[in-house]
file structure.cif (mmCIF, C-alpha atoms and all ligand atoms)
data_start
loop_
_atom_site.group_PDB
_atom_site.id
_atom_site.type_symbol
_atom_site.label_atom_id
_atom_site.label_comp_id
_atom_site.auth_asym_id
_atom_site.auth_seq_id
_atom_site.Cartn_x
_atom_site.Cartn_y
_atom_site.Cartn_z
ATOM 1 C CA MET A 1 5.658 -1.305 -16.601
ATOM 2 C CA THR A 2 3.455 -1.196 -13.521
ATOM 3 C CA ALA A 3 5.620 -1.595 -10.490
ATOM 4 C CA GLN A 4 5.210 -3.954 -7.579
ATOM 5 C CA THR A 5 4.524 -2.037 -4.352
ATOM 6 C CA ILE A 6 6.951 -3.322 -1.732
ATOM 7 C CA ASP A 7 5.036 -3.905 1.495
ATOM 8 C CA GLY A 8 7.422 -2.737 4.211
ATOM 9 C CA LYS A 9 4.682 -2.759 6.809
ATOM 10 C CA ALA A 10 4.021 -6.481 6.418
ATOM 11 C CA ARG A 11 7.763 -7.293 6.257
ATOM 12 C CA ALA A 12 8.361 -5.269 9.447
ATOM 13 C CA ALA A 13 5.506 -7.071 11.210
ATOM 14 C CA ARG A 14 7.149 -10.429 10.430
ATOM 15 C CA ILE A 15 10.485 -9.207 11.821
ATOM 16 C CA ILE A 16 8.835 -7.878 14.974
ATOM 17 C CA ASP A 17 7.086 -11.201 15.438
ATOM 18 C CA ALA A 18 10.397 -13.041 15.171
ATOM 19 C CA VAL A 19 12.029 -10.592 17.618
ATOM 20 C CA LYS A 20 9.186 -11.130 20.070
ATOM 21 C CA ARG A 21 9.644 -14.912 19.985
ATOM 22 C CA ALA A 22 13.444 -14.649 20.303
ATOM 23 C CA ALA A 23 13.104 -12.245 23.250
ATOM 24 C CA GLU A 24 10.821 -14.753 24.962
ATOM 25 C CA ALA A 25 13.373 -17.521 24.354
ATOM 26 C CA LEU A 26 16.192 -15.350 25.749
ATOM 27 C CA ARG A 27 14.196 -14.618 28.871
ATOM 28 C CA HIS A 28 13.356 -18.288 29.301
ATOM 29 C CA GLU A 29 16.948 -19.456 28.853
ATOM 30 C CA THR A 30 18.907 -16.732 30.653
ATOM 31 C CA GLY A 31 16.456 -14.573 32.608
ATOM 32 C CA THR A 32 17.559 -11.546 30.545
ATOM 33 C CA GLU A 33 14.809 -9.170 29.430
ATOM 34 C CA PRO A 34 15.993 -6.906 26.576
ATOM 35 C CA GLY A 35 15.888 -3.241 27.616
ATOM 36 C CA LEU A 36 15.701 -0.199 25.323
ATOM 37 C CA ALA A 37 16.108 3.394 26.519
ATOM 38 C CA VAL A 38 15.173 6.255 24.214
ATOM 39 C CA VAL A 39 16.105 9.810 25.101
ATOM 40 C CA ILE A 40 14.468 12.836 23.529
ATOM 41 C CA VAL A 41 15.470 16.448 24.107
ATOM 42 C CA GLY A 42 12.895 19.130 23.348
ATOM 43 C CA GLU A 43 9.504 18.966 21.718
ATOM 44 C CA ASP A 44 10.015 18.522 17.979
ATOM 45 C CA PRO A 45 6.646 16.998 16.970
ATOM 46 C CA ALA A 46 8.083 14.564 14.403
ATOM 47 C CA SER A 47 10.708 13.355 16.898
ATOM 48 C CA GLN A 48 8.000 12.868 19.527
ATOM 49 C CA VAL A 49 6.047 10.650 17.143
ATOM 50 C CA TYR A 50 9.130 8.563 16.248
ATOM 51 C CA VAL A 51 10.219 8.167 19.866
ATOM 52 C CA GLY A 52 6.700 7.211 20.984
ATOM 53 C CA SER A 53 6.547 4.598 18.268
ATOM 54 C CA LYS A 54 9.971 3.155 19.200
ATOM 55 C CA ALA A 55 9.055 2.918 22.897
ATOM 56 C CA ARG A 56 5.656 1.369 22.136
ATOM 57 C CA THR A 57 7.043 -1.232 19.740
ATOM 58 C CA ALA A 58 9.719 -2.183 22.289
ATOM 59 C CA LYS A 59 6.920 -2.935 24.776
ATOM 60 C CA GLU A 60 5.086 -4.976 22.140
ATOM 61 C CA CYS A 61 8.257 -7.033 21.710
ATOM 62 C CA GLY A 62 8.244 -7.792 25.427
ATOM 63 C CA PHE A 63 11.223 -5.528 26.142
ATOM 64 C CA LYS A 64 11.749 -3.265 29.087
ATOM 65 C CA SER A 65 11.101 0.112 27.461
ATOM 66 C CA VAL A 66 12.004 3.449 29.013
ATOM 67 C CA LYS A 67 11.589 6.907 27.549
ATOM 68 C CA HIS A 68 13.468 9.895 28.997
ATOM 69 C CA VAL A 69 12.026 13.256 27.984
ATOM 70 C CA LEU A 70 14.390 16.176 28.656
ATOM 71 C CA GLY A 71 13.504 19.856 28.223
ATOM 72 C CA ALA A 72 14.589 21.849 25.164
ATOM 73 C CA ASP A 73 16.940 23.895 27.393
ATOM 74 C CA THR A 74 18.791 20.814 28.699
ATOM 75 C CA THR A 75 22.542 21.372 28.844
ATOM 76 C CA GLU A 76 25.031 19.142 27.086
ATOM 77 C CA ALA A 77 26.490 18.207 30.487
ATOM 78 C CA ALA A 78 23.076 17.089 31.767
ATOM 79 C CA LEU A 79 22.464 14.952 28.676
ATOM 80 C CA LEU A 80 25.931 13.396 28.910
ATOM 81 C CA GLY A 81 25.186 12.640 32.574
ATOM 82 C CA LYS A 82 21.961 10.833 31.589
ATOM 83 C CA ILE A 83 23.869 8.809 28.976
ATOM 84 C CA ARG A 84 26.523 7.806 31.537
ATOM 85 C CA GLU A 85 23.752 6.659 33.863
ATOM 86 C CA LEU A 86 22.107 4.539 31.134
ATOM 87 C CA ASN A 87 25.473 3.168 29.949
ATOM 88 C CA ALA A 88 25.991 1.842 33.484
ATOM 89 C CA ASP A 89 22.479 0.388 33.859
ATOM 90 C CA PRO A 90 22.656 -3.404 33.344
ATOM 91 C CA THR A 91 18.920 -3.615 32.555
ATOM 92 C CA ILE A 92 19.394 -1.375 29.487
ATOM 93 C CA HIS A 93 20.927 -3.052 26.432
ATOM 94 C CA GLY A 94 20.055 -0.526 23.732
ATOM 95 C CA LEU A 95 20.316 3.245 24.140
ATOM 96 C CA LEU A 96 19.517 5.944 21.629
ATOM 97 C CA VAL A 97 19.242 9.701 21.671
ATOM 98 C CA GLN A 98 16.755 10.976 19.109
ATOM 99 C CA LEU A 99 18.219 13.450 16.609
ATOM 100 C CA PRO A 100 18.233 16.324 15.846
ATOM 101 C CA LEU A 101 19.322 17.878 19.141
ATOM 102 C CA PRO A 102 18.902 21.545 20.141
ATOM 103 C CA GLY A 103 21.709 23.882 19.057
ATOM 104 C CA GLN A 104 23.411 24.123 22.468
ATOM 105 C CA ILE A 105 24.300 20.411 22.325
ATOM 106 C CA ASP A 106 27.124 18.911 20.265
ATOM 107 C CA GLU A 107 25.579 15.901 18.519
ATOM 108 C CA ALA A 108 28.886 14.222 17.735
ATOM 109 C CA LYS A 109 29.910 14.366 21.404
ATOM 110 C CA VAL A 110 26.582 12.878 22.495
ATOM 111 C CA ILE A 111 26.727 10.035 19.962
ATOM 112 C CA GLU A 112 30.274 9.211 21.013
ATOM 113 C CA ALA A 113 29.256 9.089 24.691
ATOM 114 C CA ILE A 114 26.945 6.115 24.061
ATOM 115 C CA ALA A 115 28.660 2.814 24.885
ATOM 116 C CA PRO A 116 29.400 1.054 21.547
ATOM 117 C CA ASP A 117 27.781 -2.167 22.781
ATOM 118 C CA LYS A 118 24.528 -0.258 23.486
ATOM 119 C CA ASP A 119 24.681 1.934 20.353
ATOM 120 C CA VAL A 120 21.710 0.288 18.615
ATOM 121 C CA ASP A 121 21.413 3.213 16.166
ATOM 122 C CA GLY A 122 24.930 2.364 14.970
ATOM 123 C CA PHE A 123 25.902 6.038 14.766
ATOM 124 C CA GLY A 124 29.060 5.922 16.935
ATOM 125 C CA LEU A 125 32.545 5.702 15.460
ATOM 126 C CA THR A 126 33.120 2.117 16.613
ATOM 127 C CA ASN A 127 30.061 0.822 14.778
ATOM 128 C CA VAL A 128 30.597 3.078 11.746
ATOM 129 C CA GLY A 129 34.169 1.719 11.558
ATOM 130 C CA ARG A 130 32.998 -1.870 11.808
ATOM 131 C CA LEU A 131 30.496 -1.374 8.977
ATOM 132 C CA SER A 132 32.924 0.435 6.712
ATOM 133 C CA THR A 133 35.715 -2.117 7.191
ATOM 134 C CA GLY A 134 33.427 -5.045 6.391
ATOM 135 C CA ALA A 135 32.971 -6.296 9.983
ATOM 136 C CA ILE A 136 29.230 -6.109 9.506
ATOM 137 C CA ASP A 137 28.418 -9.037 11.767
ATOM 138 C CA GLU A 138 29.987 -7.221 14.720
ATOM 139 C CA ALA A 139 28.472 -3.824 13.856
ATOM 140 C CA PHE A 140 25.174 -2.349 14.866
ATOM 141 C CA VAL A 141 24.038 -1.174 11.448
ATOM 142 C CA PRO A 142 21.913 2.031 11.318
ATOM 143 C CA CYS A 143 18.277 0.963 11.307
ATOM 144 C CA THR A 144 16.926 2.760 8.231
ATOM 145 C CA PRO A 145 19.554 1.503 5.767
ATOM 146 C CA ALA A 146 19.492 -1.946 7.407
ATOM 147 C CA GLY A 147 15.725 -2.091 6.844
ATOM 148 C CA ALA A 148 16.009 -0.784 3.300
ATOM 149 C CA MET A 149 18.625 -3.448 2.577
ATOM 150 C CA ILE A 150 16.250 -6.230 3.632
ATOM 151 C CA LEU A 151 13.612 -4.929 1.209
ATOM 152 C CA ILE A 152 16.226 -4.773 -1.566
ATOM 153 C CA ARG A 153 17.394 -8.349 -0.858
ATOM 154 C CA ASP A 154 13.785 -9.574 -0.859
ATOM 155 C CA VAL A 155 13.291 -8.255 -4.388
ATOM 156 C CA VAL A 156 16.734 -8.508 -5.991
ATOM 157 C CA GLY A 157 18.457 -11.285 -4.004
ATOM 158 C CA ASP A 158 21.425 -11.436 -1.612
ATOM 159 C CA ASP A 159 24.175 -10.948 -4.161
ATOM 160 C CA LEU A 160 24.090 -7.664 -6.023
ATOM 161 C CA SER A 161 27.106 -8.488 -8.232
ATOM 162 C CA GLY A 162 26.845 -6.666 -11.541
ATOM 163 C CA LYS A 163 24.066 -4.366 -10.277
ATOM 164 C CA THR A 164 24.477 -0.616 -10.200
ATOM 165 C CA ALA A 165 23.121 1.203 -7.170
ATOM 166 C CA VAL A 166 22.702 4.955 -6.772
ATOM 167 C CA VAL A 167 22.091 6.427 -3.330
ATOM 168 C CA VAL A 168 20.818 9.990 -3.466
ATOM 169 C CA GLY A 169 21.833 11.656 -0.187
ATOM 170 C CA ARG A 170 25.040 11.537 1.825
ATOM 171 C CA SER A 171 23.901 11.743 5.445
ATOM 172 C CA ASN A 172 25.659 9.797 8.182
ATOM 173 C CA ILE A 173 22.322 8.280 9.223
ATOM 174 C CA VAL A 174 21.178 6.963 5.840
ATOM 175 C CA GLY A 175 23.181 7.770 2.692
ATOM 176 C CA LYS A 176 26.669 6.714 3.762
ATOM 177 C CA PRO A 177 25.735 3.514 5.626
ATOM 178 C CA MET A 178 23.319 2.585 2.813
ATOM 179 C CA ALA A 179 26.192 2.832 0.339
ATOM 180 C CA GLN A 180 28.372 0.659 2.594
ATOM 181 C CA LEU A 181 25.700 -2.043 2.783
ATOM 182 C CA LEU A 182 25.172 -2.062 -0.971
ATOM 183 C CA LEU A 183 28.925 -2.229 -1.507
ATOM 184 C CA ALA A 184 29.231 -5.137 0.935
ATOM 185 C CA ALA A 185 26.586 -6.944 -1.164
ATOM 186 C CA ASN A 186 28.826 -6.448 -4.256
ATOM 187 C CA ALA A 187 26.806 -3.695 -5.962
ATOM 188 C CA THR A 188 28.626 -0.980 -7.907
ATOM 189 C CA VAL A 189 27.709 2.060 -5.854
ATOM 190 C CA THR A 190 27.426 5.779 -6.570
ATOM 191 C CA ILE A 191 26.564 8.324 -3.883
ATOM 192 C CA ALA A 192 24.822 11.300 -5.498
ATOM 193 C CA HIS A 193 23.775 14.511 -3.761
ATOM 194 C CA SER A 194 22.636 18.091 -4.218
ATOM 195 C CA ARG A 195 25.882 19.059 -5.975
ATOM 196 C CA THR A 196 25.788 16.165 -8.443
ATOM 197 C CA LYS A 197 25.727 17.240 -12.093
ATOM 198 C CA ASP A 198 22.730 15.971 -14.091
ATOM 199 C CA LEU A 199 21.223 14.012 -11.229
ATOM 200 C CA PRO A 200 18.400 12.507 -13.340
ATOM 201 C CA ALA A 201 20.944 10.985 -15.748
ATOM 202 C CA VAL A 202 23.013 9.580 -12.859
ATOM 203 C CA CYS A 203 19.875 8.074 -11.297
ATOM 204 C CA ARG A 204 18.775 6.591 -14.628
ATOM 205 C CA GLY A 205 21.929 4.469 -14.473
ATOM 206 C CA ALA A 206 20.678 2.688 -11.356
ATOM 207 C CA ASP A 207 19.312 -0.838 -11.134
ATOM 208 C CA ILE A 208 18.717 0.015 -7.474
ATOM 209 C CA LEU A 209 17.844 3.620 -6.663
ATOM 210 C CA VAL A 210 17.694 4.766 -3.034
ATOM 211 C CA ALA A 211 16.237 8.231 -2.415
ATOM 212 C CA ALA A 212 17.260 9.867 0.871
ATOM 213 C CA VAL A 213 17.220 13.552 0.062
ATOM 214 C CA GLY A 214 14.436 14.973 2.233
ATOM 215 C CA ARG A 215 12.715 16.733 -0.678
ATOM 216 C CA PRO A 216 9.068 15.831 -1.214
ATOM 217 C CA GLU A 217 8.422 13.834 -4.402
ATOM 218 C CA MET A 218 11.599 15.041 -6.086
ATOM 219 C CA ILE A 219 12.441 11.713 -7.732
ATOM 220 C CA THR A 220 10.040 11.387 -10.659
ATOM 221 C CA GLY A 221 9.900 8.781 -13.403
ATOM 222 C CA ASP A 222 12.466 10.846 -15.290
ATOM 223 C CA TYR A 223 15.063 9.664 -12.731
ATOM 224 C CA VAL A 224 14.145 5.986 -13.003
ATOM 225 C CA LYS A 225 15.564 3.321 -15.310
ATOM 226 C CA ASP A 226 13.074 0.822 -16.764
ATOM 227 C CA GLY A 227 12.859 -2.132 -14.407
ATOM 228 C CA ALA A 228 14.710 -0.475 -11.507
ATOM 229 C CA VAL A 229 14.014 -1.124 -7.843
ATOM 230 C CA VAL A 230 13.261 2.187 -6.119
ATOM 231 C CA ILE A 231 13.610 2.570 -2.357
ATOM 232 C CA ASP A 232 12.104 5.732 -0.864
ATOM 233 C CA VAL A 233 13.602 6.709 2.469
ATOM 234 C CA GLY A 234 11.957 10.137 2.615
ATOM 235 C CA ILE A 235 9.268 11.049 5.124
ATOM 236 C CA ASN A 236 7.961 14.543 4.350
ATOM 237 C CA ARG A 237 4.829 16.147 5.738
ATOM 238 C CA ILE A 238 3.196 18.449 3.200
ATOM 239 C CA ALA A 239 0.019 20.513 3.163
ATOM 240 C CA ALA A 240 -2.972 18.638 1.762
ATOM 241 C CA PRO A 241 -5.657 21.289 1.162
ATOM 242 C CA GLU A 242 -7.813 18.620 -0.529
ATOM 243 C CA LYS A 243 -8.311 17.081 2.945
ATOM 244 C CA GLY A 244 -9.773 20.327 4.301
ATOM 245 C CA LEU A 245 -8.730 22.335 7.344
ATOM 246 C CA SER A 246 -7.681 21.116 10.762
ATOM 247 C CA ASP A 247 -8.908 22.627 14.055
ATOM 248 C CA ASP A 248 -6.260 25.376 14.008
ATOM 249 C CA GLY A 249 -7.509 26.583 10.599
ATOM 250 C CA LYS A 250 -4.441 25.372 8.731
ATOM 251 C CA PRO A 251 -4.712 22.846 5.879
ATOM 252 C CA LYS A 252 -4.484 19.212 6.914
ATOM 253 C CA THR A 253 -1.277 17.443 5.997
ATOM 254 C CA ARG A 254 -0.207 14.142 4.478
ATOM 255 C CA LEU A 255 3.011 12.162 4.361
ATOM 256 C CA VAL A 256 4.902 11.800 1.113
ATOM 257 C CA GLY A 257 8.297 10.379 0.293
ATOM 258 C CA ASP A 258 11.193 11.710 -1.739
ATOM 259 C CA VAL A 259 9.813 9.737 -4.707
ATOM 260 C CA ALA A 260 6.789 10.763 -6.793
ATOM 261 C CA PHE A 261 5.270 7.300 -6.433
ATOM 262 C CA ALA A 262 2.863 7.130 -9.398
ATOM 263 C CA SER A 263 5.350 8.623 -11.832
ATOM 264 C CA ALA A 264 8.249 6.392 -10.658
ATOM 265 C CA ALA A 265 5.984 3.317 -10.701
ATOM 266 C CA GLU A 266 5.442 3.743 -14.452
ATOM 267 C CA LYS A 267 9.108 2.866 -14.995
ATOM 268 C CA ALA A 268 10.212 0.816 -11.994
ATOM 269 C CA ALA A 269 9.832 -2.913 -11.371
ATOM 270 C CA ALA A 270 9.263 -2.299 -7.653
ATOM 271 C CA VAL A 271 8.842 0.771 -5.426
ATOM 272 C CA THR A 272 8.440 1.273 -1.682
ATOM 273 C CA PRO A 273 5.417 3.390 -0.711
ATOM 274 C CA VAL A 274 5.294 6.190 1.889
ATOM 275 C CA PRO A 275 3.887 5.498 4.380
ATOM 276 C CA GLY A 276 4.233 1.725 4.697
ATOM 277 C CA GLY A 277 7.625 1.171 3.085
ATOM 278 C CA VAL A 278 10.983 1.822 4.732
ATOM 279 C CA GLY A 279 9.509 3.624 7.795
ATOM 280 C CA PRO A 280 8.158 0.526 9.578
ATOM 281 C CA MET A 281 11.375 -1.334 8.729
ATOM 282 C CA THR A 282 13.425 1.258 10.644
ATOM 283 C CA ILE A 283 11.592 0.483 13.860
ATOM 284 C CA ALA A 284 11.727 -3.271 13.261
ATOM 285 C CA MET A 285 15.511 -3.106 12.813
ATOM 286 C CA LEU A 286 15.855 -1.096 16.019
ATOM 287 C CA MET A 287 14.099 -3.936 17.820
ATOM 288 C CA ALA A 288 16.358 -6.495 16.126
ATOM 289 C CA ASN A 289 19.475 -4.510 17.119
ATOM 290 C CA THR A 290 18.272 -4.223 20.717
ATOM 291 C CA LEU A 291 17.650 -7.973 20.847
ATOM 292 C CA THR A 292 21.182 -8.569 19.507
ATOM 293 C CA ALA A 293 22.601 -6.253 22.191
ATOM 294 C CA ALA A 294 20.719 -8.196 24.873
ATOM 295 C CA TYR A 295 21.933 -11.560 23.521
ATOM 296 C CA ARG A 296 25.510 -10.298 23.559
ATOM 297 C CA ALA A 297 25.155 -8.996 27.123
ATOM 298 C CA ALA A 298 23.688 -12.337 28.236
ATOM 299 C CA GLY A 299 26.817 -14.047 26.856
HETATM 300 N N1 LIG B 301 16.440 11.045 13.683
HETATM 301 C C1 LIG B 301 16.023 10.659 12.451
HETATM 302 N N2 LIG B 301 16.263 9.336 12.288
HETATM 303 C C2 LIG B 301 16.830 8.900 13.421
HETATM 304 C C3 LIG B 301 17.276 7.631 13.853
HETATM 305 O O1 LIG B 301 17.227 6.622 13.143
HETATM 306 N N3 LIG B 301 17.787 7.579 15.119
HETATM 307 C C4 LIG B 301 17.883 8.674 15.914
HETATM 308 N N4 LIG B 301 18.423 8.525 17.128
HETATM 309 N N5 LIG B 301 17.476 9.870 15.535
HETATM 310 C C5 LIG B 301 16.939 9.970 14.301
#

call {"tool": "encode", "arguments": {"input": "structure.cif", "output": "structure tokens", "more": "lines below"}}
Ligand code: GUN
result
Amino acid sequence: MTAQTIDGKARAARIIDAVKRAAEALRHETGTEPGLAVVIVGEDPASQVYVGSKARTAKECGFKSVKHVLGADTTEAALLGKIRELNADPTIHGLLVQLPLPGQIDEAKVIEAIAPDKDVDGFGLTNVGRLSTGAIDEAFVPCTPAGAMILIRDVVGDDLSGKTAVVVGRSNIVGKPMAQLLLAANATVTIAHSRTKDLPAVCRGADILVAAVGRPEMITGDYVKDGAVVIDVGINRIAAPEKGLSDDGKPKTRLVGDVAFASAAEKAAAVTPVPGGVGPMTIAMLMANTLTAAYRAAG
């Protein structure tokens, strides 16, 4: 079988277009302009790229977009102070702190300091609780699994009754909420991880296979059932000596997912590429969540 390549970039562009039009309508009807604040601590290059992209897309959507860059030596107290300030700012409807944070800062404490009605990442306990108790309509759902779920629904349909889904990875940001979403859509869900015995065999049981392990091209065709839908959440930068050297004399790099695309595509019915699959959907869902937060604030 030669798999369909799922075009997350085009799907995300359609969502962003719809968000843009809805934001314009909200402004017209209520005078409310959606506002997104992103906070980054330190200079992790990947985080800088993600945060820049989030802030830029927010502007494209017609939102107020503010980026707060804090030094790597920022104290936890200073960051919590910034969050309190943004929680109280009525022009900000969505607030996120880019992870990971430097070691001196307790991530759980920071996430919990964000007001639940501005927690557009959906990482705080209130939103996690809403998702896991089935109150999905009230929850802000974490953006990466929410985006992945749209791609799955596009291909498989809204009701996953009778389908088996395997999520490889158990992070709070992707693996666990992804499993909750699949479960809410009636799939039979397994969460697999680094300690799972015979991972390829477990994965070969999946009609829907979601890879969120953070290991470049680990999921080969050997992990894929014939006709499965494979969703690659990984974003890994690896050396690409075939592209030559960059200015600093090191090999150039390229992005790959957790799935070995060509090998998986020999078995799957549909696969998301990297780049251009789940990545753009994450940002689109952040915009959708921020718009929802603004609508709620406008009453
Ligand atoms: N780090 C990696 N992914 C994410 C995300 O979706 N949100 C935040 N805040 N940090 C991240």

call {"tool": "closest_residue", "arguments": {"input": "structure.cif", "among": "A:Val110, A:Ile150, A:Ala262, A:Leu125", "to": "Lys82 of chain A", "atoms": "all atoms listed in the file"}}
result
A:Val110

call {"tool": "closest_atom_pairs", "arguments": {"input": "structure.cif", "of": "segment 73-171 of chain A", "to": "segment 207-229 of chain A", "cutoff": "9 Å", "atoms": "all atoms listed in the file", "output": "tab-separated table"}}
result
residue	atom	partner	partner_atom	distance
A:Ala148	CA	A:Val210	CA	8.6
A:Ile152	CA	A:Val229	CA	7.6
A:Val155	CA	A:Val229	CA	8.0
A:Val156	CA	A:Val229	CA	8.1
A:Lys163	CA	A:Asp207	CA	6.0
A:Thr164	CA	A:Asp207	CA	5.3
A:Ala165	CA	A:Ile208	CA	4.6
A:Val166	CA	A:Leu209	CA	5.0
A:Val167	CA	A:Val210	CA	4.7
A:Val168	CA	A:Ala211	CA	5.0
A:Gly169	CA	A:Val213	CA	5.0
A:Arg170	CA	A:Ala212	CA	8.0
A:Ser171	CA	A:Ala212	CA	8.3

call {"tool": "axis_aligned_box", "arguments": {"input": "structure.cif", "around": "ligand LIG 301 (chain B)", "padding_each_side": "8 Å", "output": "JSON"}}
result
{"center_x": 17.2, "center_y": 8.8, "center_z": 14.7, "size_x": 18.4, "size_y": 20.4, "size_z": 20.8}

call {"tool": "atom_distance", "arguments": {"input": "structure.cif", "atom1": "atom CA of Asp137 of chain A", "atom2": "atom CA of Gly124 of chain A"}}
result
15.8 Å

call {"tool": "residues_near_ligand", "arguments": {"input": "structure.cif", "ligand": "ligand LIG 301 (chain B)", "cutoff": "10 Å", "atoms": "only C-alpha atoms and all ligand atoms", "output": "VMD selection string"}}
result
chain A and resid 38 to 40 46 to 47 50 to 51 54 95 to 101 111 119 to 123 142 to 145 173 to 174 235 279 282 to 283 285 to 286

call {"tool": "closest_residue", "arguments": {"input": "structure.cif", "among": "A:Ala264, A:Val66, A:Ala12, A:Ala293", "to": "Pro116 of chain A", "atoms": "only C-alpha atoms"}}
result
A:Ala293

call {"tool": "closest_residue", "arguments": {"input": "structure.cif", "among": "A:Ala294, A:Met149, A:Leu26, A:Ile231", "to": "Ile6 of chain A", "atoms": "all atoms listed in the file"}}
result
A:Ile231

call {"tool": "closest_residue", "arguments": {"input": "structure.cif", "among": "A:Thr253, A:Ala23, A:Asn289, A:Val41", "to": "Ala139 of chain A", "atoms": "all atoms listed in the file"}}
result
A:Asn289

call {"tool": "residues_around", "arguments": {"input": "structure.cif", "residues": "Ala58 of chain A", "least_positions_apart": "4", "cutoff": "9 Å", "atoms": "only C-alpha atoms", "output": "count of residues only"}}
result
12

call {"tool": "resolve_selection", "arguments": {"input": "structure.cif", "expression": "the PyMOL selection byres (((chain A and resi 298) around 9) and not hetatm)", "output": "ChimeraX atom specification"}}
result
/A:26,30-32,293-297,299

call {"tool": "write_last_selection", "arguments": {"input": "structure.cif", "atoms": "C-alpha atoms", "output": "PDB file, in the coordinates of the input"}}
result
ATOM      1  CA  LEU A  26      16.192 -15.350  25.749  1.00  0.00           C
ATOM      2  CA  THR A  30      18.907 -16.732  30.653  1.00  0.00           C
ATOM      3  CA  GLY A  31      16.456 -14.573  32.608  1.00  0.00           C
ATOM      4  CA  THR A  32      17.559 -11.546  30.545  1.00  0.00           C
ATOM      5  CA  ALA A 293      22.601  -6.253  22.191  1.00  0.00           C
ATOM      6  CA  ALA A 294      20.719  -8.196  24.873  1.00  0.00           C
ATOM      7  CA  TYR A 295      21.933 -11.560  23.521  1.00  0.00           C
ATOM      8  CA  ARG A 296      25.510 -10.298  23.559  1.00  0.00           C
ATOM      9  CA  ALA A 297      25.155  -8.996  27.123  1.00  0.00           C
ATOM     10  CA  GLY A 299      26.817 -14.047  26.856  1.00  0.00           C
TER      11      GLY A 299
END

call {"tool": "resolve_selection", "arguments": {"input": "structure.cif", "expression": "the PyMOL selection byres (((chain A and resi 179) around 8) and not hetatm)", "output": "ChimeraX atom specification"}}
result
/A:167,175-178,180-183,189-191

call {"tool": "atom_distance", "arguments": {"input": "structure.cif", "atom1": "atom CA of Thr5 of chain A", "atom2": "atom CA of Leu151 of chain A"}}
result
11.0 Å

call {"tool": "atom_distance", "arguments": {"input": "structure.cif", "atom1": "atom CA of Lys67 of chain A", "atom2": "atom CA of His93 of chain A"}}
result
13.7 Å

call {"tool": "closest_residue", "arguments": {"input": "structure.cif", "among": "A:Ala187, A:Ala37, A:Ala55, A:Val141", "to": "Gly157 of chain A", "atoms": "all atoms listed in the file"}}
result
A:Ala187

call {"tool": "residues_around", "arguments": {"input": "structure.cif", "residues": "Leu255 of chain A", "least_positions_apart": "3", "cutoff": "8 Å", "atoms": "only C-alpha atoms", "output": "PyMOL selection string"}}
result
chain A and resi 235-238+274-275

call {"tool": "decode", "arguments": {"input": "structure.cif", "residues": "segment 182-194 of chain A", "atoms": "N, CA and C atoms", "output": "tab-separated table (two decimals), in the first residue's frame"}}
result
chain	number	residue	atom	x	y	z
A	182	LEU	N	-8.85	10.24	22.20
A	182	LEU	CA	-9.19	9.04	21.44
A	182	LEU	C	-10.26	8.23	22.17
A	183	LEU	N	-10.11	8.17	23.48
A	183	LEU	CA	-11.09	7.46	24.32
A	183	LEU	C	-12.46	8.14	24.23
A	184	ALA	N	-12.46	9.46	24.27
A	184	ALA	CA	-13.73	10.20	24.19
A	184	ALA	C	-14.41	9.98	22.84
A	185	ALA	N	-13.60	9.63	21.82
A	185	ALA	CA	-14.18	9.35	20.49
A	185	ALA	C	-14.48	7.86	20.32
A	186	ASN	N	-14.46	7.12	21.44
A	186	ASN	CA	-14.87	5.70	21.50
A	186	ASN	C	-13.84	4.70	20.98
A	187	ALA	N	-12.59	5.14	20.75
A	187	ALA	CA	-11.55	4.18	20.38
A	187	ALA	C	-11.18	3.33	21.60
A	188	THR	N	-10.61	2.17	21.32
A	188	THR	CA	-10.04	1.32	22.37
A	188	THR	C	-8.57	1.66	22.44
A	189	VAL	N	-8.14	2.23	23.57
A	189	VAL	CA	-6.86	2.94	23.61
A	189	VAL	C	-5.81	2.24	24.47
A	190	THR	N	-4.62	2.13	23.94
A	190	THR	CA	-3.46	1.66	24.70
A	190	THR	C	-2.43	2.78	24.74
A	191	ILE	N	-1.87	3.05	25.91
A	191	ILE	CA	-0.72	3.96	25.99
A	191	ILE	C	0.53	3.08	26.15
A	192	ALA	N	1.42	3.16	25.17
A	192	ALA	CA	2.67	2.40	25.23
A	192	ALA	C	3.81	3.38	25.51
A	193	HIS	N	4.94	2.86	25.97
A	193	HIS	CA	6.06	3.74	26.32
A	193	HIS	C	7.35	2.94	26.35
A	194	SER	N	8.42	3.60	26.82
A	194	SER	CA	9.74	2.98	26.72
A	194	SER	C	9.85	1.65	27.49
